[in-house]
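Enquirer: Pasting in a structure now, in structure tokens, and then I'll have a few things to ask.
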Amino acid sequence: MSKAKIGFISLGCPKNQVDTEIMLRELVEAGYPIVAEDFEADIIIINTCAFIESAKKEAIDNILDIAWLKENRNLKGIIVTGCLAERYREEILESLPEVDALLGVNSIHDIVKCVRAVENKRKVKFTSFKSEDELTLGGDRVVTTENYAYLKIAEGCDNRCTYCAIPSIRGSFRSRKMEDIIAEAKDMEELGIKELVIVAQDTTRYGEDLYGEYKLAELLHRIAKETNIPWLRILYCYPDKITDELVREIAENDKVVKYIDMPIQHINDEVLRRMNRHGGSDVIKDAIKRLREACPEIIIRSTAITGFPGETDEQFEELCEFIGEVKFERFGAFAYSREENTPAYDFENQVEEQVKIDRADMIMQKQMLISADHNQMQLGKILTVLCEGFDAVSEAHFGRSYMDAPEIDGKVYFTSKTRIPEGQFVRVEITDILDYDLIGEALI
């Protein structure tokens, strides 16, 4: 009997994408064919996010869209995995009868068992929710990205920010063993990966639970030494855990791109205290100062939340002034999302929705000017660009420099006298700017 054809929809963050890739590998090894088009699938797996309201809405919209295929085409089963399944398991089973099975975030290795249950049309929906102690961290993957890959070094979070539901969804912080991570990095090298993007809920905490101290700097050093992958990029760093050792590793290790993602979420000390962010404004400012002094060309990406409960006009203005002073090269502002079962949900002085949105818009207008000024400074410079493809319409190649993380930052579009293969590094002279992107000419 032929096996069901499987389709995948992966939503949310890069950490979720890694889980999707692990499930893909287990299904492929079990002999299930994977199809790219939803209408070709017998069973569709939707790996969901549920971090904030917009992510939940996106997940539910995808489930309902796919349910149409079940009613009007040949789709036989819908499996929901990831954070939405973990956080709202009872509600999904009750309110979305179209869903045939749920897998929690710690149960991704049950995916083959789950698919078989749906194939057999069991009358009772298959559910699998394990404790964090039962989770096998990592696993072989089918890498779905080209030229770069995400490398998840830990699961869960212990920071307990008052606005965040992740600890209740993903559990406590658990580092992967360093040897396992390095072995996976070597696998990525064999696949021809040119850039590893290091991710976790808090990458800077890596190793504390296993080794008694922060080990991110050592991990970066070993990956750089034991593989030939040219670029290593770090995301999701916390200001209070950016050690001098990590700063030195970023500055001195040629394979670590001069880029760091470091969400600050606010700069007012009272707001930070209510958010339960570890370390106040002085810690944030000190981390930025040390990074820029050690590595003047570093790109710092950050984010902030506007309209957190109790945020006054004066506190918001303090955040605006700080953004104008520090001039993050990459920055995003997001309106506070009130999430049930988080401490901040019950805080007094909730800010009106439109005020939250207006404040985020104001900051992003300011940041647009900062980004334009930064791009203007790139004119005439020669940047190393990782070529990611060729656009036949504009007859230009495109790729990323060290200043741009995959999927979240801009691109470099460039012309060339010869066709540049994908995955090749090329030197590009920047000749123009286009919003958040750069335009240039390859130096062949």
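So you can find residues: chains in the structure tokens are A, B, ... in the order shown, residues in each start at 1, and ligands are numbered from 1 in order.
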Run DSSP on the backbone and grab whatever in range 106-352 of chain A lands in strand (DSSP E or B); send it over as a ChimeraX atom specification.
Expert: /A:126-128,148-152,154-155,174-175,195-199,231-234,256-261,265,299-306,330-335
Enquirer: Sorted by chain and rising residue number, list the residues of range 110-179 of chain A at most 8 Å from range 326-339 of chain A (counting only C-alpha atoms), each with its closest atom pair and distance in Å to one decimal, as a Markdown table.
Expert:
```
| residue | atom | partner | partner_atom | distance |
| --- | --- | --- | --- | --- |
| A:Tyr163 | CA | A:Glu339 | CA | 6.9 |
| A:Cys164 | CA | A:Glu339 | CA | 7.4 |
| A:Ala165 | CA | A:Glu339 | CA | 7.1 |
```
Enquirer: DSSP on the backbone: what in range 83-229 of chain A comes out alpha helix (DSSP H), as a PDB file with N, CA, C and O atoms, in the first residue's frame?
Expert:
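Now in part22.pdb:
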```
ATOM      1  N   CYS A  83       3.911  25.441  18.625  1.00  0.00           N
ATOM      2  CA  CYS A  83       3.520  26.202  19.814  1.00  0.00           C
ATOM      3  C   CYS A  83       2.010  26.335  19.984  1.00  0.00           C
ATOM      4  O   CYS A  83       1.511  26.303  21.106  1.00  0.00           O
ATOM      5  N   LEU A  84       1.271  26.520  18.890  1.00  0.00           N
ATOM      6  CA  LEU A  84      -0.188  26.618  19.019  1.00  0.00           C
ATOM      7  C   LEU A  84      -0.757  25.307  19.545  1.00  0.00           C
ATOM      8  O   LEU A  84      -1.636  25.310  20.423  1.00  0.00           O
ATOM      9  N   ALA A  85      -0.261  24.193  19.030  1.00  0.00           N
ATOM     10  CA  ALA A  85      -0.718  22.886  19.498  1.00  0.00           C
ATOM     11  C   ALA A  85      -0.404  22.688  20.972  1.00  0.00           C
ATOM     12  O   ALA A  85      -1.206  22.144  21.733  1.00  0.00           O
ATOM     13  N   GLU A  86       0.782  23.135  21.380  1.00  0.00           N
ATOM     14  CA  GLU A  86       1.195  22.980  22.779  1.00  0.00           C
ATOM     15  C   GLU A  86       0.381  23.878  23.703  1.00  0.00           C
ATOM     16  O   GLU A  86      -0.063  23.450  24.773  1.00  0.00           O
ATOM     17  N   ARG A  87       0.161  25.106  23.284  1.00  0.00           N
ATOM     18  CA  ARG A  87      -0.457  26.094  24.161  1.00  0.00           C
ATOM     19  C   ARG A  87      -1.974  25.966  24.236  1.00  0.00           C
ATOM     20  O   ARG A  87      -2.573  26.245  25.279  1.00  0.00           O
ATOM     21  N   ARG A  89      -4.032  23.106  23.215  1.00  0.00           N
ATOM     22  CA  ARG A  89      -4.404  21.767  22.757  1.00  0.00           C
ATOM     23  C   ARG A  89      -5.901  21.483  22.940  1.00  0.00           C
ATOM     24  O   ARG A  89      -6.550  20.960  22.033  1.00  0.00           O
ATOM     25  N   GLU A  90      -6.442  21.828  24.101  1.00  0.00           N
ATOM     26  CA  GLU A  90      -7.862  21.539  24.350  1.00  0.00           C
ATOM     27  C   GLU A  90      -8.754  22.386  23.448  1.00  0.00           C
ATOM     28  O   GLU A  90      -9.749  21.899  22.897  1.00  0.00           O
ATOM     29  N   GLU A  91      -8.407  23.654  23.311  1.00  0.00           N
ATOM     30  CA  GLU A  91      -9.211  24.557  22.490  1.00  0.00           C
ATOM     31  C   GLU A  91      -9.208  24.132  21.023  1.00  0.00           C
ATOM     32  O   GLU A  91     -10.245  24.222  20.344  1.00  0.00           O
ATOM     33  N   ILE A  92      -8.060  23.665  20.521  1.00  0.00           N
ATOM     34  CA  ILE A  92      -7.988  23.236  19.122  1.00  0.00           C
ATOM     35  C   ILE A  92      -8.876  22.025  18.892  1.00  0.00           C
ATOM     36  O   ILE A  92      -9.650  21.965  17.926  1.00  0.00           O
ATOM     37  N   LEU A  93      -8.775  21.054  19.780  1.00  0.00           N
ATOM     38  CA  LEU A  93      -9.585  19.839  19.620  1.00  0.00           C
ATOM     39  C   LEU A  93     -11.075  20.155  19.665  1.00  0.00           C
ATOM     40  O   LEU A  93     -11.886  19.516  18.998  1.00  0.00           O
ATOM     41  N   GLU A  94     -11.444  21.166  20.445  1.00  0.00           N
ATOM     42  CA  GLU A  94     -12.850  21.497  20.612  1.00  0.00           C
ATOM     43  C   GLU A  94     -13.392  22.380  19.495  1.00  0.00           C
ATOM     44  O   GLU A  94     -14.499  22.175  18.999  1.00  0.00           O
ATOM     45  N   SER A  95     -12.577  23.375  19.087  1.00  0.00           N
ATOM     46  CA  SER A  95     -13.101  24.390  18.168  1.00  0.00           C
ATOM     47  C   SER A  95     -12.697  24.183  16.711  1.00  0.00           C
ATOM     48  O   SER A  95     -13.240  24.845  15.823  1.00  0.00           O
ATOM     49  N   ILE A 111       6.376  12.164  15.046  1.00  0.00           N
ATOM     50  CA  ILE A 111       5.688  12.568  13.826  1.00  0.00           C
ATOM     51  C   ILE A 111       5.319  11.374  12.939  1.00  0.00           C
ATOM     52  O   ILE A 111       4.232  11.346  12.349  1.00  0.00           O
ATOM     53  N   VAL A 112       6.196  10.373  12.843  1.00  0.00           N
ATOM     54  CA  VAL A 112       5.883   9.212  11.998  1.00  0.00           C
ATOM     55  C   VAL A 112       4.706   8.445  12.594  1.00  0.00           C
ATOM     56  O   VAL A 112       3.769   8.055  11.881  1.00  0.00           O
ATOM     57  N   LYS A 113       4.728   8.235  13.893  1.00  0.00           N
ATOM     58  CA  LYS A 113       3.623   7.560  14.580  1.00  0.00           C
ATOM     59  C   LYS A 113       2.312   8.326  14.364  1.00  0.00           C
ATOM     60  O   LYS A 113       1.249   7.735  14.154  1.00  0.00           O
ATOM     61  N   CYS A 114       2.424   9.642  14.403  1.00  0.00           N
ATOM     62  CA  CYS A 114       1.245  10.495  14.233  1.00  0.00           C
ATOM     63  C   CYS A 114       0.676  10.365  12.819  1.00  0.00           C
ATOM     64  O   CYS A 114      -0.541  10.215  12.628  1.00  0.00           O
ATOM     65  N   VAL A 115       1.526  10.414  11.821  1.00  0.00           N
ATOM     66  CA  VAL A 115       1.084  10.287  10.435  1.00  0.00           C
ATOM     67  C   VAL A 115       0.428   8.927  10.201  1.00  0.00           C
ATOM     68  O   VAL A 115      -0.612   8.823   9.538  1.00  0.00           O
ATOM     69  N   ARG A 116       1.017   7.889  10.763  1.00  0.00           N
ATOM     70  CA  ARG A 116       0.428   6.551  10.596  1.00  0.00           C
ATOM     71  C   ARG A 116      -0.965   6.480  11.215  1.00  0.00           C
ATOM     72  O   ARG A 116      -1.868   5.840  10.678  1.00  0.00           O
ATOM     73  N   ALA A 117      -1.137   7.147  12.358  1.00  0.00           N
ATOM     74  CA  ALA A 117      -2.456   7.154  12.999  1.00  0.00           C
ATOM     75  C   ALA A 117      -3.492   7.839  12.113  1.00  0.00           C
ATOM     76  O   ALA A 117      -4.622   7.363  11.972  1.00  0.00           O
ATOM     77  N   VAL A 118      -3.095   8.954  11.499  1.00  0.00           N
ATOM     78  CA  VAL A 118      -4.015   9.673  10.618  1.00  0.00           C
ATOM     79  C   VAL A 118      -4.294   8.846   9.359  1.00  0.00           C
ATOM     80  O   VAL A 118      -5.432   8.806   8.867  1.00  0.00           O
ATOM     81  N   GLU A 119      -3.264   8.179   8.841  1.00  0.00           N
ATOM     82  CA  GLU A 119      -3.465   7.295   7.679  1.00  0.00           C
ATOM     83  C   GLU A 119      -4.518   6.226   7.968  1.00  0.00           C
ATOM     84  O   GLU A 119      -5.321   5.881   7.110  1.00  0.00           O
ATOM     85  N   ILE A 166       6.609  31.980  26.198  1.00  0.00           N
ATOM     86  CA  ILE A 166       7.505  30.920  25.723  1.00  0.00           C
ATOM     87  C   ILE A 166       7.875  29.910  26.812  1.00  0.00           C
ATOM     88  O   ILE A 166       7.845  28.704  26.562  1.00  0.00           O
ATOM     89  N   PRO A 167       8.232  30.331  28.044  1.00  0.00           N
ATOM     90  CA  PRO A 167       8.570  29.316  29.055  1.00  0.00           C
ATOM     91  C   PRO A 167       7.436  28.330  29.319  1.00  0.00           C
ATOM     92  O   PRO A 167       7.680  27.139  29.546  1.00  0.00           O
ATOM     93  N   SER A 168       6.192  28.804  29.263  1.00  0.00           N
ATOM     94  CA  SER A 168       5.063  27.899  29.494  1.00  0.00           C
ATOM     95  C   SER A 168       4.806  27.002  28.293  1.00  0.00           C
ATOM     96  O   SER A 168       4.170  25.947  28.422  1.00  0.00           O
ATOM     97  N   ILE A 169       5.309  27.403  27.134  1.00  0.00           N
ATOM     98  CA  ILE A 169       5.132  26.598  25.920  1.00  0.00           C
ATOM     99  C   ILE A 169       6.318  25.670  25.700  1.00  0.00           C
ATOM    100  O   ILE A 169       6.166  24.452  25.514  1.00  0.00           O
ATOM    101  N   ARG A 170       7.503  26.228  25.733  1.00  0.00           N
ATOM    102  CA  ARG A 170       8.717  25.489  25.382  1.00  0.00           C
ATOM    103  C   ARG A 170       9.466  24.908  26.577  1.00  0.00           C
ATOM    104  O   ARG A 170      10.403  24.128  26.413  1.00  0.00           O
ATOM    105  N   MET A 178      27.795  20.319  23.526  1.00  0.00           N
ATOM    106  CA  MET A 178      28.634  20.995  22.548  1.00  0.00           C
ATOM    107  C   MET A 178      29.077  20.053  21.435  1.00  0.00           C
ATOM    108  O   MET A 178      29.105  20.434  20.259  1.00  0.00           O
ATOM    109  N   GLU A 179      29.421  18.820  21.797  1.00  0.00           N
ATOM    110  CA  GLU A 179      29.884  17.878  20.782  1.00  0.00           C
ATOM    111  C   GLU A 179      28.798  17.578  19.758  1.00  0.00           C
ATOM    112  O   GLU A 179      29.074  17.423  18.564  1.00  0.00           O
ATOM    113  N   ASP A 180      27.529  17.508  20.209  1.00  0.00           N
ATOM    114  CA  ASP A 180      26.425  17.260  19.284  1.00  0.00           C
ATOM    115  C   ASP A 180      26.242  18.434  18.326  1.00  0.00           C
ATOM    116  O   ASP A 180      25.963  18.248  17.132  1.00  0.00           O
ATOM    117  N   ILE A 181      26.389  19.643  18.851  1.00  0.00           N
ATOM    118  CA  ILE A 181      26.242  20.830  18.000  1.00  0.00           C
ATOM    119  C   ILE A 181      27.343  20.882  16.959  1.00  0.00           C
ATOM    120  O   ILE A 181      27.093  21.162  15.778  1.00  0.00           O
ATOM    121  N   ILE A 182      28.557  20.609  17.374  1.00  0.00           N
ATOM    122  CA  ILE A 182      29.685  20.653  16.440  1.00  0.00           C
ATOM    123  C   ILE A 182      29.532  19.573  15.373  1.00  0.00           C
ATOM    124  O   ILE A 182      29.818  19.800  14.191  1.00  0.00           O
ATOM    125  N   ALA A 183      29.057  18.396  15.768  1.00  0.00           N
ATOM    126  CA  ALA A 183      28.810  17.333  14.786  1.00  0.00           C
ATOM    127  C   ALA A 183      27.771  17.780  13.764  1.00  0.00           C
ATOM    128  O   ALA A 183      27.914  17.518  12.558  1.00  0.00           O
ATOM    129  N   GLU A 184      26.735  18.475  14.221  1.00  0.00           N
ATOM    130  CA  GLU A 184      25.727  18.971  13.281  1.00  0.00           C
ATOM    131  C   GLU A 184      26.311  20.041  12.373  1.00  0.00           C
ATOM    132  O   GLU A 184      25.993  20.092  11.178  1.00  0.00           O
ATOM    133  N   ALA A 185      27.171  20.896  12.924  1.00  0.00           N
ATOM    134  CA  ALA A 185      27.825  21.917  12.098  1.00  0.00           C
ATOM    135  C   ALA A 185      28.658  21.264  10.997  1.00  0.00           C
ATOM    136  O   ALA A 185      28.673  21.735   9.852  1.00  0.00           O
ATOM    137  N   LYS A 186      29.321  20.175  11.329  1.00  0.00           N
ATOM    138  CA  LYS A 186      30.110  19.458  10.322  1.00  0.00           C
ATOM    139  C   LYS A 186      29.206  18.865   9.240  1.00  0.00           C
ATOM    140  O   LYS A 186      29.560  18.842   8.058  1.00  0.00           O
ATOM    141  N   ASP A 187      28.031  18.390   9.649  1.00  0.00           N
ATOM    142  CA  ASP A 187      27.065  17.897   8.658  1.00  0.00           C
ATOM    143  C   ASP A 187      26.649  19.024   7.714  1.00  0.00           C
ATOM    144  O   ASP A 187      26.504  18.815   6.499  1.00  0.00           O
ATOM    145  N   MET A 188      26.428  20.205   8.274  1.00  0.00           N
ATOM    146  CA  MET A 188      26.048  21.356   7.451  1.00  0.00           C
ATOM    147  C   MET A 188      27.174  21.721   6.477  1.00  0.00           C
ATOM    148  O   MET A 188      26.917  22.090   5.329  1.00  0.00           O
ATOM    149  N   GLU A 189      28.397  21.603   6.926  1.00  0.00           N
ATOM    150  CA  GLU A 189      29.539  21.877   6.046  1.00  0.00           C
ATOM    151  C   GLU A 189      29.547  20.915   4.862  1.00  0.00           C
ATOM    152  O   GLU A 189      29.772  21.332   3.715  1.00  0.00           O
ATOM    153  N   GLU A 190      29.258  19.644   5.118  1.00  0.00           N
ATOM    154  CA  GLU A 190      29.239  18.652   4.042  1.00  0.00           C
ATOM    155  C   GLU A 190      28.138  18.944   3.029  1.00  0.00           C
ATOM    156  O   GLU A 190      28.248  18.587   1.859  1.00  0.00           O
ATOM    157  N   GLU A 208      25.224  27.213  30.377  1.00  0.00           N
ATOM    158  CA  GLU A 208      25.177  27.427  31.828  1.00  0.00           C
ATOM    159  C   GLU A 208      24.603  26.215  32.555  1.00  0.00           C
ATOM    160  O   GLU A 208      25.099  25.827  33.627  1.00  0.00           O
ATOM    161  N   ASP A 209      23.564  25.608  32.001  1.00  0.00           N
ATOM    162  CA  ASP A 209      22.925  24.470  32.668  1.00  0.00           C
ATOM    163  C   ASP A 209      23.775  23.206  32.600  1.00  0.00           C
ATOM    164  O   ASP A 209      23.745  22.380  33.510  1.00  0.00           O
ATOM    165  N   LEU A 210      24.552  23.050  31.530  1.00  0.00           N
ATOM    166  CA  LEU A 210      25.375  21.850  31.367  1.00  0.00           C
ATOM    167  C   LEU A 210      26.760  21.984  31.982  1.00  0.00           C
ATOM    168  O   LEU A 210      27.288  21.035  32.581  1.00  0.00           O
ATOM    169  N   TYR A 211      27.354  23.167  31.823  1.00  0.00           N
ATOM    170  CA  TYR A 211      28.767  23.332  32.175  1.00  0.00           C
ATOM    171  C   TYR A 211      28.998  24.318  33.325  1.00  0.00           C
ATOM    172  O   TYR A 211      30.151  24.543  33.714  1.00  0.00           O
ATOM    173  N   LEU A 216      28.924  30.211  24.998  1.00  0.00           N
ATOM    174  CA  LEU A 216      28.702  30.578  23.602  1.00  0.00           C
ATOM    175  C   LEU A 216      30.007  30.941  22.903  1.00  0.00           C
ATOM    176  O   LEU A 216      30.233  30.536  21.764  1.00  0.00           O
ATOM    177  N   ALA A 217      30.864  31.698  23.575  1.00  0.00           N
ATOM    178  CA  ALA A 217      32.136  32.094  22.957  1.00  0.00           C
ATOM    179  C   ALA A 217      32.976  30.865  22.607  1.00  0.00           C
ATOM    180  O   ALA A 217      33.547  30.780  21.505  1.00  0.00           O
ATOM    181  N   GLU A 218      33.038  29.917  23.522  1.00  0.00           N
ATOM    182  CA  GLU A 218      33.805  28.701  23.259  1.00  0.00           C
ATOM    183  C   GLU A 218      33.183  27.901  22.119  1.00  0.00           C
ATOM    184  O   GLU A 218      33.895  27.351  21.265  1.00  0.00           O
ATOM    185  N   LEU A 219      31.859  27.833  22.094  1.00  0.00           N
ATOM    186  CA  LEU A 219      31.182  27.110  21.014  1.00  0.00           C
ATOM    187  C   LEU A 219      31.498  27.728  19.661  1.00  0.00           C
ATOM    188  O   LEU A 219      31.822  27.020  18.694  1.00  0.00           O
ATOM    189  N   LEU A 220      31.422  29.050  19.564  1.00  0.00           N
ATOM    190  CA  LEU A 220      31.754  29.729  18.308  1.00  0.00           C
ATOM    191  C   LEU A 220      33.191  29.434  17.905  1.00  0.00           C
ATOM    192  O   LEU A 220      33.484  29.167  16.729  1.00  0.00           O
ATOM    193  N   HIS A 221      34.086  29.491  18.877  1.00  0.00           N
ATOM    194  CA  HIS A 221      35.508  29.259  18.600  1.00  0.00           C
ATOM    195  C   HIS A 221      35.722  27.851  18.045  1.00  0.00           C
ATOM    196  O   HIS A 221      36.461  27.663  17.065  1.00  0.00           O
ATOM    197  N   ARG A 222      35.070  26.882  18.648  1.00  0.00           N
ATOM    198  CA  ARG A 222      35.258  25.499  18.214  1.00  0.00           C
ATOM    199  C   ARG A 222      34.634  25.239  16.843  1.00  0.00           C
ATOM    200  O   ARG A 222      35.222  24.539  16.016  1.00  0.00           O
ATOM    201  N   ILE A 223      33.438  25.788  16.595  1.00  0.00           N
ATOM    202  CA  ILE A 223      32.839  25.598  15.268  1.00  0.00           C
ATOM    203  C   ILE A 223      33.732  26.205  14.197  1.00  0.00           C
ATOM    204  O   ILE A 223      33.951  25.613  13.135  1.00  0.00           O
ATOM    205  N   ALA A 224      34.248  27.398  14.481  1.00  0.00           N
ATOM    206  CA  ALA A 224      35.138  28.064  13.515  1.00  0.00           C
ATOM    207  C   ALA A 224      36.403  27.250  13.281  1.00  0.00           C
ATOM    208  O   ALA A 224      36.904  27.167  12.151  1.00  0.00           O
ATOM    209  N   LYS A 225      36.916  26.650  14.337  1.00  0.00           N
ATOM    210  CA  LYS A 225      38.175  25.892  14.235  1.00  0.00           C
ATOM    211  C   LYS A 225      37.970  24.529  13.585  1.00  0.00           C
ATOM    212  O   LYS A 225      38.823  24.064  12.816  1.00  0.00           O
ATOM    213  N   GLU A 226      36.821  23.903  13.854  1.00  0.00           N
ATOM    214  CA  GLU A 226      36.633  22.515  13.438  1.00  0.00           C
ATOM    215  C   GLU A 226      35.816  22.356  12.151  1.00  0.00           C
ATOM    216  O   GLU A 226      35.592  21.236  11.699  1.00  0.00           O
TER     217      GLU A 226
END
```
Enquirer: So that I can check the surroundings of Ser128 in chain A, please list as a VMD selection string every protein, DNA and RNA residue that reaches within 8 Å of it, counting only C-alpha atoms and ignoring chain neighbours fewer than 4 positions away.
Expert: chain A and resid 102 to 104 107 110
Enquirer: Just to be explicit: take each residue in the selection above, keep C-alpha atoms, and write the result as a compact mmCIF listing (two decimals), in the first residue's frame.
Expert:
```
# COMPACT_ATOMS: atom_id res chain seq x y z
CA LEU A 102 -1.85 17.41 17.52
CA LEU A 103 1.81 17.17 18.45
CA GLY A 104 3.33 19.29 21.21
CA SER A 107 6.82 15.44 20.68
CA ASP A 110 6.47 11.16 17.26
```
Enquirer: I'd like the neighbourhood of range 286-295 of chain A as number ranges by chain, where a residue qualifies if any of its atoms comes within 7 Å (using only C-alpha atoms), though same-chain residues fewer than 6 positions away should be ignored.
Expert: A: 239, 242, 247, 251
Enquirer: Could the residues in this selection be written to a file with N, CA, C and O atoms, as a compact mmCIF listing (two decimals), in the first residue's frame?
Expert:
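Output file result-v7.txt is given in full below:
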```
# COMPACT_ATOMS: atom_id res chain seq x y z
N PRO A 239 21.39 41.31 26.61
CA PRO A 239 22.45 42.27 26.98
C PRO A 239 23.18 41.90 28.26
O PRO A 239 24.40 42.09 28.36
N ILE A 242 26.11 39.28 27.73
CA ILE A 242 27.16 39.48 26.73
C ILE A 242 28.47 39.72 27.48
O ILE A 242 28.77 40.81 27.95
N VAL A 247 32.43 39.17 23.45
CA VAL A 247 32.77 40.36 22.66
C VAL A 247 34.10 40.14 21.93
O VAL A 247 34.22 40.46 20.74
N ALA A 251 34.84 39.99 17.85
CA ALA A 251 35.78 40.95 17.26
C ALA A 251 36.97 40.27 16.59
O ALA A 251 37.44 40.74 15.54
```
Enquirer: So that I can check the surroundings of Val428 in chain A, please list as a compact mmCIF listing (two decimals) with C-alpha atoms, in the first residue's frame every protein, DNA and RNA residue that reaches within 12 Å of it, counting only C-alpha atoms and ignoring chain neighbours fewer than 6 positions away.
Expert:
```txt
# COMPACT_ATOMS: atom_id res chain seq x y z
CA GLN A 378 27.84 52.35 2.38
CA LEU A 379 28.08 54.19 -0.97
CA GLY A 380 31.46 53.59 -2.55
CA LYS A 381 32.35 50.76 -0.17
CA ILE A 382 33.28 47.29 -1.33
CA LEU A 383 31.36 44.56 0.49
CA THR A 384 31.70 40.79 0.41
CA VAL A 385 28.32 39.42 -0.66
CA LEU A 386 27.02 35.84 -0.53
CA CYS A 387 25.20 35.42 -3.84
CA HIS A 397 22.00 39.12 -8.89
CA PHE A 398 21.04 39.38 -5.25
CA GLY A 399 22.59 38.30 -1.99
CA ARG A 400 23.54 39.39 1.49
CA SER A 401 26.53 41.03 3.10
CA VAL A 412 22.33 43.58 -1.94
CA TYR A 413 21.31 43.68 -5.61
CA PHE A 414 24.21 43.79 -8.03
CA THR A 415 25.07 43.56 -11.69
CA SER A 416 27.89 41.43 -13.02
CA ILE A 420 27.67 34.38 -10.41
CA LEU A 438 21.80 48.23 -1.42
CA ILE A 439 22.63 48.28 -5.13
CA GLY A 440 26.07 47.62 -6.53
CA GLU A 441 28.34 46.18 -9.18
CA ALA A 442 30.39 43.02 -8.86
CA LEU A 443 34.15 43.41 -9.10
CA ILE A 444 35.15 40.45 -11.27
```
Enquirer: Restricting the calculation to only C-alpha atoms: of A:Asp346, A:Ser172, A:Ile153, A:Ile108, which residue gets closest to Asp133 in chain A?
Expert: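 Closest residue, counting only C-alpha atoms: A:Ser172.
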Enquirer: Applying 12 Å and only C-alpha atoms, which residues near Gly307 in chain A remain after dropping the ones on its own chain fewer than 3 positions away? List them as a ChimeraX atom specification.
Expert: /A:163,265-266,271,275,304,310-317,319,333-338,344,349-361,363
Enquirer: Tell me, in Å to one decimal, how far CA of Asn74 in chain A is from CA of Asp42 in chain A.
Expert: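 A separation of 6.6 Å between them.
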